[in-house]
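A.B. asks: Encoded as structure tokens, here's the structure I'll be asking about.
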Protein chains: 6
Amino acid sequence: KNDLVFKEARIGVTYGLAWTETGGTMLPVETSSFEGQGELIITGNLGDVMKESARIALSYLRSAQNRYNYLVDNIGKTDFHIHVPEGAIPKDGPSAGITLASSLLSTICGIAPKPGIAMTGELTLTGRILPIGGLKEKLLAAIRNGMEKVLLPSDNRDDWEELDKDVREALKVEFVENADEAFGLLFDEKIHKGNGKKKSRDKRIKIREQ
Amino acid sequence: KNDLVFKEARIGVTYGLAWTETGGTMLPVETSSFEGQGELIITGNLGDVMKESARIALSYLRSAQNRYNYLVDNIGKTDFHIHVPEGAIPKDGPSAGITLASSLLSTICGIAPKPGIAMTGELTLTGRILPIGGLKEKLLAAIRNGMEKVLLPSDNRDDWEELDKDVREALKVEFVENADEAFGLLFDEKIHKGNGKKKSRDKRIKIREQ
Amino acid sequence: KNDLVFKEARIGVTYGLAWTETGGTMLPVETSSFEGQGELIITGNLGDVMKESARIALSYLRSAQNRYNYLVDNIGKTDFHIHVPEGAIPKDGPSAGITLASSLLSTICGIAPKPGIAMTGELTLTGRILPIGGLKEKLLAAIRNGMEKVLLPSDNRDDWEELDKDVREALKVEFVENADEAFGLLFDEKIHKGNGKKKSRDKRIKIREQ
Amino acid sequence: KNDLVFKEARIGVTYGLAWTETGGTMLPVETSSFEGQGELIITGNLGDVMKESARIALSYLRSAQNRYNYLVDNIGKTDFHIHVPEGAIPKDGPSAGITLASSLLSTICGIAPKPGIAMTGELTLTGRILPIGGLKEKLLAAIRNGMEKVLLPSDNRDDWEELDKDVREALKVEFVENADEAFGLLFDEKIHKGNGKKKSRDKRIKIREQ
Amino acid sequence: KNDLVFKEARIGVTYGLAWTETGGTMLPVETSSFEGQGELIITGNLGDVMKESARIALSYLRSAQNRYNYLVDNIGKTDFHIHVPEGAIPKDGPSAGITLASSLLSTICGIAPKPGIAMTGELTLTGRILPIGGLKEKLLAAIRNGMEKVLLPSDNRDDWEELDKDVREALKVEFVENADEAFGLLFDEKIHKGNGKKKSRDKRIKIREQ
Amino acid sequence: KNDLVFKEARIGVTYGLAWTETGGTMLPVETSSFEGQGELIITGNLGDVMKESARIALSYLRSAQNRYNYLVDNIGKTDFHIHVPEGAIPKDGPSAGITLASSLLSTICGIAPKPGIAMTGELTLTGRILPIGGLKEKLLAAIRNGMEKVLLPSDNRDDWEELDKDVREALKVEFVENADEAFGLLFDEKIHKGNGKKKSRDKRIKIREQ
Ligand SMILES: [Ca+2]
Ligand SMILES: [Ca+2]
Ligand SMILES: [Ca+2]
Ligand SMILES: [Ca+2]
Ligand SMILES: [Ca+2]
Ligand SMILES: [Ca+2]
Ligand SMILES: [Ca+2]
Ligand SMILES: [Ca+2]
Ligand SMILES: [Ca+2]
Ligand SMILES: [Ca+2]
Ligand SMILES: [Ca+2]
Ligand SMILES: [Ca+2]
């Protein structure tokens with residue numbers, strides 16, 4: 001089984017993790033941009049929920065543009081194309097949200113993500129990251145592909161603690177509550193406006209659950 | 001079961017209540033906005049009736065813009081994105097109308113709702129709030145999530161009076177006949193134009209029923 | 001059973017009458033408008049025939065704009081939203097035509113209809129009103145909701161004469177052949193251009209039938 | 001059975017003839033127009049073939065605008081709405097082509113058709129009129145509704161000659177080969193550019209058949 | 001059986017040949033044009049493959065506009081309407097490609113095709129003409145309708161040579177490899193830019209087959 | 001069986017290889033362009049995955065426009081039409097990606113590909129070429145059609161090495177990892193900006209697999 005992983009970091013390419021009936025797999029996401037009319041092109045044989053995830057990712061970044069160092073002058077006049085290879089394989093579900101947003105942000109800022117990092121998590125429109133399923137299979141796929149670190153939703157911490165020790169120790173894991181935390185781990189500080197004076201607006205988000 | 005509730009009030013986030021086959025649940029609604037062409041993006045795996053509710057909410061606010069302190073200069077050139085997590089769960093029905101409108105109004109005015117308030121009610125285009133079903137299950141979900149107050153349609157008052165006393169006393173309830181009453185309870189007075197000189201146009205609405 | 005009727009007259013709200021399998025019901029129609037691109041938004045879970053009725057109503061009023069006192073400067077740059085609550089109940093059929101047109105005209109002119117009037121009738125593009133079915137059930141719904149007057153298609157006069165006397169005497173009925181006659185009964189004279197110098201163009205319409 | 005026929009001639013209203021399983025019926029067509037973006041709105045519960053007939057009618061008139069006295073300044077910036085009542089009855093087929101074109105032309109020129117004339121015939125994009133089916137039932141409907149004259153496709157002449165004498169003598173019939181011939185019989189000479197100097201371009205059309 | 005053939009040549013009308021379950025038939029194609037936004041309207045109850053053929057025909061002519069004497073100033077601001085009567089009969093398949101392109105070219109240049117010529121052949125985007133099926137039935141239809149000449153794809157030459165002698169001698173046949181060859185036979189030399197100085201760019205196309 | 005292959009190189013025509021149930025076949029791709037609004041027209045009876053491949057190809061070239069000598073001034077105001085004959089045959093799958101991109105690039109630059117070269121490979125949005133299936137059948141089709149060279153995905157090298165020697169020696173094969181490598185083999189150096197100073201940005205792409 002060939003998983004699609006580039007050897008080197010590239011602008012616009014981030015690595016998600018998908019659950020399939022035959023186990024976990026890497027889910028690379030590619031984004032490109034060009035002058036246009038603000039159109040969002042989505043390819044890769046994606047189902048409706050995953051297409052919605054891509055729209056949520058773009059809207060989140062459009063409403064957060066005062067926080068990051070966007071290269072793109074006029075995001076409303078830029079076309080974005082998000083592609084999730086391989087084209088023949090149907091894909092769906094919300095858990096690629098943070099991967100889609102990271103791929104978009106990398107392209108918008110012209111900054112490559114740090115190499116060796118995979119991630120999974122549903123993204124909401126306010127940047128919150130919701131828990132995902134298939135944690136064990138996803139981590140095994142990341143280990144098999146030589147990933148060094150995986151970003152997981154904070155709300156999956158309990159699931160992670162129940163995993164076998166050898167899985168937990170094979171890979172560095174970071175739990176994130178929101179997109180800004182994930183971006184901070186995935187990119188260096190140039191991605192934030194004001195170079196390193198990271199704003200903490202998302203810090204206000206605390207989840208209260210029963 | 002994890003319900004999605006933020007610990008602190010946030011601009012654009014309001015809390016509805018949904019009935020499901022396994023009981024009531026919190027139904028948070030998130031709205032963001034950005035310069036555009038007046039497009040309304042709706043995500044969250046919503047059925048046609050709920051998508052119509054979102055359009056009704058926006059049209060109500062567009063026709064009521066002389067009443068509230070809109071931050072948005074040109075609402076017709078603003079794109080709004082309404083998202084109702086979680087993306088994998090199908091949702092439908094009209095009873096999130098007032099929640100959708102409150103989320104939109106919060107974003108349009110840049111004013112966060114008061115914390116700890118949930119709500120449910122179908123919204124009509126003239127701002128009237130129509131009764132909803134599943135009252136008991138919805139109230140139990142609000143109680144379970146630590147809500148302090150719930151806004152209910154006036155036409156559900158009879159249903160509420162038939163509930164067990166312990167449910168009725170566990171939570172402060174306000175009955176509202178129209179959107180303006182709900183907004184008055186959910187936001188502080190800055191949301192109205194003329195700061196506190198609340199117009200009573202909606203007061204004219206009285207319902208006559210058999 | 002709750003029928004939706006406002007106690008007071010409101011701009012943009014008119015009252016139709018619908019036939020359902022469980023009897024007649026009030027069918028309120030709400031219209032709002034705002035600056036836009038001439039879009040017609042239609043909500044309320046309507047079937048294709050009823051959506052066509054809404055388009056016919058708007059086109060009739062667009063082509064008749066030299067006859068009425070329109071507040072709207074540029075009807076081609078105005079968006080209209082027509083909503084027929086309740087959102088969860090599917091509705092269809094052509095017989096709400098005159099109700100939809102009256103709701104639109106009220107909004108376009110900024111003039112509320114006289115209170116206590118319900119109506120039913122299919123509208124054609126030239127303003128003719130065609131007969132409807134379910135007359136008895138519709139009249140009973142109007143009586144039950146305290147309506148004082150009902151506007152009916154002239155071509156339903158025979159159907160009306162065959163009803164029981166107590167139904168016929170419980171409610172004032174006016175038979176109308178075209179939209180202009182209906183508007184004359186529903187609104188005061190300010191609605192016509194030239195204030196009371198009502199043009200009789202529609203008077204030319206006489207129906208010849210076998 | 002009520003057929004829809006106006007007593008007096010009206011701008012934009014022409015009378016087709018339809019075949020149904022229960023016999024022939026009048027098929028009135030109504031057109032209105034207003035400033036717009038060249039949109040063609042088609043209502044009346046029409047099937048795809050009949051919608052195509054409406055587009056063919058408009059395209060024929062757009063390409064023939066140097067032949068007729070159009071009131072409309074810029075036909076490409078005019079919206080047309082064609083409605084075929086009654087809205088609840090599905091209709092389809094190509095044989096209303098000439099009726100649709102006549103209704104449009106009447107509206108575009110602001111000239112009413114002569115009263116008492118019905119017509120049937122498929123229209124092609126170059127103005128040719130093709131034969132129709134259900135001739136006998138259509139003629140009976142025209143007779144029953146007091147029509148004085150019916151325009152028929154030349155290629156239906158044989159079908160007509162095989163009808164009973166009493167049907168043939170109850171109604172004046174004119175056979176037409178193309179739209180221009182039909183328009184010449186339906187409207188007075190003001191409809192042509194140059195007032196009465198009718199151009200004979202369509203005269204060139206002769207049909208050769210086996 | 002009536003086939004639709006005009007006695008005289010007309011601008012925008014060309015004659016294809018179709019195979020049906022009951023034998024071959026003439027397939028006239030009509031095109032009209034008018035100022036617009038570059039829209040292509042396609043009617044005649046056509047299936048998706050035949051609609052694609054119409055788009056291919058227009059794109060071929062748009063990219064070949066430096067070769068022909070176009071009357072149309074701005075082809076990108078011209079609307080074209082292609083109609084294939086009769087409207088009630090479904091049609092599909094790629095073999096009308098050259099007929100569609102010839103009809104469009106006739107309209108774009110304002111030059112009528114020579115009379116008595118029918119044609120069949122799939123068109124590709126570079127102007128190549130691909131072979132078709134149902135050759136014998138198509139030729140019989142052309143003979144029956146008094147056609148004098150038929151343009152056939154070069155790759156159908158073998159099929160033609162296997163036909164009975166009486167069919168082969170009843171009709172003049174020309175084999176064409178590409179659209180430019182077909183246009184040269186169908187139109188006089190005024191259709192080419194530089195009046196008769198026909199460019200031979202398409203001559204480069206030679207097909208290599210196994 | 002006739003495969004569609006031109007004898008001479010033509011601008012905008014490239015040769016893919018398709019697997020079908022009856023063996024491999026040539027899959028020529030044709031592209032034309034004209035002034036427009038940036039529309040991408042796709043014909044040839046293609047399934048959704050293959051349509052997505054065409055969009056990916058165009059987006060890749062739009063985002064890579066600083067690397068190639070584009071004749072097209074404003075790619076965002078150019079319409080492209082990609083056609084894959086024959087129109088009656090349904091086609092699908094991602095493996096024509098590099099063929100589609102090569103056809104587009106040839107048209108955009110106005111440079112014909114070198115003759116006798118076929119290719120196959122899925123293209124991702126960053127230009128990576130992914131492996132394909134049906135290798136043996138595709139190579140046999142290329143041999144049968146007299147191709148001299150075939151471009152294959154690097155990740156199909158193992159599959160190729162397992163083929164019979166006579167197949168491997170009948171045809172020159174080049175393995176490519178990305179689109180830029182394929183373009184370098186298919187076009188001469190004029191296609192690159194700076195004439196022969198080929199940039200090696202894509203060289204950074206190395207694939208790491210398990
Ligand atoms: Ca794979
Ligand atoms: Ca938790
Ligand atoms: Ca949950
Ligand atoms: Ca009540
Ligand atoms: Ca009710
Ligand atoms: Ca009557
Ligand atoms: Ca009737
Ligand atoms: Ca005949
Ligand atoms: Ca026929
Ligand atoms: Ca051959
Ligand atoms: Ca073939
Ligand atoms: Ca490999």
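Note on naming: chains are A, B, ... as they come in the structure tokens, residues start from 1 per chain, ligands start from 1 in the order shown.
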Give me the residues near D:Ile129 as a ChimeraX atom specification, where near means some atom within 6 Å (using only C-alpha atoms) and where sequence neighbours in that chain fewer than 4 positions away do not count.
C.D. replies: /D:121-123,153,177-178
A.B. asks: Write a file of the just-selected residues containing N, CA and C atoms, as a short mmCIF file (atom, residue, chain, number, x, y, z; two decimals), in the first residue's frame.
C.D. replies:
```cif
data_model
loop_
_atom_site.label_atom_id
_atom_site.label_comp_id
_atom_site.auth_asym_id
_atom_site.auth_seq_id
_atom_site.Cartn_x
_atom_site.Cartn_y
_atom_site.Cartn_z
N GLY D 121 -49.63 24.96 -33.83
CA GLY D 121 -48.56 24.66 -34.76
C GLY D 121 -47.20 24.74 -34.08
N GLU D 122 -46.36 23.75 -34.37
CA GLU D 122 -44.98 23.79 -33.87
C GLU D 122 -44.20 24.83 -34.66
N LEU D 123 -43.37 25.59 -33.96
CA LEU D 123 -42.56 26.62 -34.61
C LEU D 123 -41.11 26.17 -34.63
N PRO D 153 -51.28 24.63 -39.38
CA PRO D 153 -50.12 24.40 -40.23
C PRO D 153 -50.54 23.92 -41.63
N GLU D 177 -47.78 28.55 -43.47
CA GLU D 177 -46.52 27.80 -43.61
C GLU D 177 -45.45 28.32 -42.67
N ASN D 178 -45.60 29.56 -42.28
CA ASN D 178 -44.56 30.13 -41.43
C ASN D 178 -45.14 31.18 -40.51
#
```
A.B. asks: Using backbone DSSP assignments, extract all alpha helix (DSSP H) residues from stretch 88-201 of chain C; output them as a ChimeraX atom specification.
C.D. replies: /C:97-109,135-144,157-161,165-169,179-186
A.B. asks: Write out the residues from the selection above, keeping C-alpha atoms, as a PDB file, in the first residue's frame.
C.D. replies:
```pdb
ATOM      1  CA  GLY C  97     -51.869  33.494  -6.187  1.00  0.00           C
ATOM      2  CA  ILE C  98     -53.909  36.535  -5.155  1.00  0.00           C
ATOM      3  CA  THR C  99     -52.683  36.245  -1.544  1.00  0.00           C
ATOM      4  CA  LEU C 100     -49.058  36.239  -2.685  1.00  0.00           C
ATOM      5  CA  ALA C 101     -49.648  39.240  -4.960  1.00  0.00           C
ATOM      6  CA  SER C 102     -51.409  41.173  -2.197  1.00  0.00           C
ATOM      7  CA  SER C 103     -48.582  40.508   0.237  1.00  0.00           C
ATOM      8  CA  LEU C 104     -46.031  41.694  -2.317  1.00  0.00           C
ATOM      9  CA  LEU C 105     -48.054  44.812  -3.206  1.00  0.00           C
ATOM     10  CA  SER C 106     -48.421  45.718   0.475  1.00  0.00           C
ATOM     11  CA  THR C 107     -44.637  45.569   0.885  1.00  0.00           C
ATOM     12  CA  ILE C 108     -43.897  47.396  -2.361  1.00  0.00           C
ATOM     13  CA  CYS C 109     -46.262  50.253  -1.457  1.00  0.00           C
ATOM     14  CA  LEU C 135     -64.430  26.389  -0.973  1.00  0.00           C
ATOM     15  CA  LYS C 136     -66.469  25.159   2.008  1.00  0.00           C
ATOM     16  CA  GLU C 137     -63.467  24.085   4.071  1.00  0.00           C
ATOM     17  CA  LYS C 138     -61.692  27.357   3.360  1.00  0.00           C
ATOM     18  CA  LEU C 139     -64.705  29.438   4.430  1.00  0.00           C
ATOM     19  CA  LEU C 140     -65.008  27.434   7.657  1.00  0.00           C
ATOM     20  CA  ALA C 141     -61.370  28.175   8.438  1.00  0.00           C
ATOM     21  CA  ALA C 142     -61.967  31.882   7.845  1.00  0.00           C
ATOM     22  CA  ILE C 143     -65.034  31.839  10.121  1.00  0.00           C
ATOM     23  CA  ARG C 144     -63.162  29.925  12.823  1.00  0.00           C
ATOM     24  CA  ARG C 157     -69.984  32.100  -7.285  1.00  0.00           C
ATOM     25  CA  ASP C 158     -71.997  29.022  -8.272  1.00  0.00           C
ATOM     26  CA  ASP C 159     -70.096  26.877  -5.776  1.00  0.00           C
ATOM     27  CA  TRP C 160     -70.803  29.424  -3.074  1.00  0.00           C
ATOM     28  CA  GLU C 161     -74.528  29.541  -3.841  1.00  0.00           C
ATOM     29  CA  LYS C 165     -77.159  29.152   4.349  1.00  0.00           C
ATOM     30  CA  ASP C 166     -75.432  29.322   7.757  1.00  0.00           C
ATOM     31  CA  VAL C 167     -72.027  29.185   6.102  1.00  0.00           C
ATOM     32  CA  ARG C 168     -72.996  31.824   3.550  1.00  0.00           C
ATOM     33  CA  GLU C 169     -74.319  34.197   6.232  1.00  0.00           C
ATOM     34  CA  ALA C 179     -56.321  41.388  -9.082  1.00  0.00           C
ATOM     35  CA  ASP C 180     -57.172  45.061  -9.344  1.00  0.00           C
ATOM     36  CA  GLU C 181     -60.657  44.450  -7.938  1.00  0.00           C
ATOM     37  CA  ALA C 182     -59.128  42.464  -5.076  1.00  0.00           C
ATOM     38  CA  PHE C 183     -56.575  45.178  -4.344  1.00  0.00           C
ATOM     39  CA  GLY C 184     -59.384  47.791  -4.337  1.00  0.00           C
ATOM     40  CA  LEU C 185     -61.180  45.867  -1.594  1.00  0.00           C
ATOM     41  CA  LEU C 186     -58.067  45.025   0.417  1.00  0.00           C
TER      42      LEU C 186
END
```
A.B. asks: In Å, how far is it from atom CA of B:Pro85 to atom CA of B:Pro28?
C.D. replies: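 Interatomic distance, atom CA of B:Pro85 to atom CA of B:Pro28: 7.0 Å.
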A.B. asks: Considering only strand (DSSP E) as DSSP defines it on the backbone, what residues of stretch 51-88 of chain D qualify? List them as a PyMOL selection string.
C.D. replies: chain D and resi 78-83
A.B. asks: Filtering to C-alpha atoms, could you give me those residues as a CSV table (one decimal), in the first residue's frame?
C.D. replies:
```
chain,number,residue,atom,x,y,z
D,78,THR,CA,-35.9,43.0,-21.3
D,79,ASP,CA,-37.2,40.2,-19.2
D,80,PHE,CA,-40.2,38.3,-20.6
D,81,HIS,CA,-42.5,36.1,-18.6
D,82,ILE,CA,-44.7,33.6,-20.4
D,83,HIS,CA,-47.5,32.0,-18.4
```
A.B. asks: Write as a list in words the residues around ligand 9, taking 10 Å as the cut-off and counting only C-alpha atoms and all ligand atoms.
C.D. replies: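 My answer, listing the contacting residues, is Leu130 and Pro131 of chain D; Lys1, Asn2, Asp3, Leu4, Thr25, Met26, Pro85, Glu86, Ala88 and Ile89 of chain E.
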A.B. asks: Can you write out the residues you just picked, keeping all heavy atoms, as a short mmCIF file (atom, residue, chain, number, x, y, z; two decimals), in the first residue's frame?
C.D. replies:
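This went into again-v1.cif:
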```cif
data_model
loop_
_atom_site.label_atom_id
_atom_site.label_comp_id
_atom_site.auth_asym_id
_atom_site.auth_seq_id
_atom_site.Cartn_x
_atom_site.Cartn_y
_atom_site.Cartn_z
N LEU D 130 -44.66 23.62 -38.28
CA LEU D 130 -44.76 22.18 -38.53
C LEU D 130 -46.12 21.64 -38.09
O LEU D 130 -46.76 22.22 -37.21
CB LEU D 130 -43.64 21.45 -37.78
CG LEU D 130 -42.21 21.91 -38.05
CD1 LEU D 130 -41.23 21.03 -37.27
CD2 LEU D 130 -41.90 21.87 -39.54
N PRO D 131 -46.54 20.51 -38.67
CA PRO D 131 -47.88 19.99 -38.40
C PRO D 131 -48.03 19.48 -36.97
O PRO D 131 -47.05 19.14 -36.31
CB PRO D 131 -48.02 18.84 -39.39
CG PRO D 131 -46.63 18.44 -39.72
CD PRO D 131 -45.81 19.69 -39.65
N LYS E 1 -44.26 9.33 -44.25
CA LYS E 1 -43.30 10.01 -43.35
C LYS E 1 -42.81 11.31 -43.96
O LYS E 1 -42.26 11.34 -45.05
CB LYS E 1 -42.10 9.10 -43.11
CG LYS E 1 -41.02 9.75 -42.28
CD LYS E 1 -40.69 8.88 -41.13
CE LYS E 1 -39.62 9.49 -40.27
NZ LYS E 1 -38.33 8.99 -40.67
N ASN E 2 -43.04 12.39 -43.23
CA ASN E 2 -42.58 13.69 -43.72
C ASN E 2 -41.20 14.00 -43.18
O ASN E 2 -41.01 14.07 -41.98
CB ASN E 2 -43.53 14.80 -43.23
CG ASN E 2 -44.87 14.72 -43.92
OD1 ASN E 2 -45.00 14.03 -44.92
ND2 ASN E 2 -45.84 15.43 -43.40
N ASP E 3 -40.26 14.18 -44.06
CA ASP E 3 -38.97 14.69 -43.62
C ASP E 3 -38.97 16.19 -43.81
O ASP E 3 -39.63 16.72 -44.69
CB ASP E 3 -37.85 14.05 -44.46
CG ASP E 3 -37.48 12.68 -43.92
OD1 ASP E 3 -38.18 12.17 -43.04
OD2 ASP E 3 -36.49 12.13 -44.40
N LEU E 4 -38.25 16.87 -42.99
CA LEU E 4 -38.26 18.33 -43.01
C LEU E 4 -37.15 18.85 -43.91
O LEU E 4 -35.99 18.87 -43.52
CB LEU E 4 -38.07 18.88 -41.61
CG LEU E 4 -39.10 18.45 -40.56
CD1 LEU E 4 -38.70 19.01 -39.21
CD2 LEU E 4 -40.47 18.94 -40.96
N THR E 25 -33.35 9.20 -41.61
CA THR E 25 -34.20 10.38 -41.74
C THR E 25 -33.33 11.61 -41.92
O THR E 25 -32.17 11.63 -41.50
CB THR E 25 -35.11 10.55 -40.50
OG1 THR E 25 -35.96 11.68 -40.70
CG2 THR E 25 -34.30 10.79 -39.24
N MET E 26 -33.88 12.63 -42.57
CA MET E 26 -33.18 13.90 -42.65
C MET E 26 -33.16 14.54 -41.26
O MET E 26 -34.13 14.40 -40.51
CB MET E 26 -33.89 14.86 -43.61
CG MET E 26 -33.99 14.38 -45.05
SD MET E 26 -32.37 14.19 -45.86
CE MET E 26 -31.79 15.89 -45.91
N PRO E 85 -35.32 20.54 -35.16
CA PRO E 85 -36.70 20.03 -35.13
C PRO E 85 -36.72 18.55 -35.49
O PRO E 85 -35.77 18.07 -36.11
CB PRO E 85 -37.40 20.87 -36.21
CG PRO E 85 -36.32 21.43 -37.08
CD PRO E 85 -35.04 21.37 -36.31
N GLU E 86 -37.79 17.82 -35.05
CA GLU E 86 -39.00 18.26 -34.42
C GLU E 86 -38.86 18.17 -32.92
O GLU E 86 -38.27 17.22 -32.41
CB GLU E 86 -40.15 17.38 -34.89
CG GLU E 86 -40.19 17.23 -36.39
CD GLU E 86 -41.19 16.17 -36.83
OE1 GLU E 86 -42.26 16.01 -36.21
OE2 GLU E 86 -40.89 15.49 -37.81
N ALA E 88 -40.64 17.28 -30.43
CA ALA E 88 -41.15 16.18 -29.61
C ALA E 88 -40.30 14.92 -29.70
O ALA E 88 -40.46 14.02 -28.90
CB ALA E 88 -42.59 15.86 -30.02
N ILE E 89 -39.39 14.88 -30.67
CA ILE E 89 -38.61 13.66 -30.91
C ILE E 89 -37.25 13.74 -30.24
O ILE E 89 -36.45 14.61 -30.58
CB ILE E 89 -38.43 13.45 -32.43
CG1 ILE E 89 -39.80 13.27 -33.10
CG2 ILE E 89 -37.53 12.26 -32.71
CD1 ILE E 89 -39.75 13.21 -34.61
#
```
A.B. asks: Identify all chain A residues at most 10 Å from chain B by counting only C-alpha atoms; ligands do not count. Present them as number ranges by chain.
C.D. replies: A: 38, 48-53, 55-56, 59-60, 62-65, 75-77, 92-95, 97, 122-126, 128, 130-131, 155, 204-210
A.B. asks: Enter the distance from atom CA of D:Val173 to atom CA of D:Lys149, in Å, rounded to one decimal.
C.D. replies: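 Computing it gives 5.6 Å between the two atoms.
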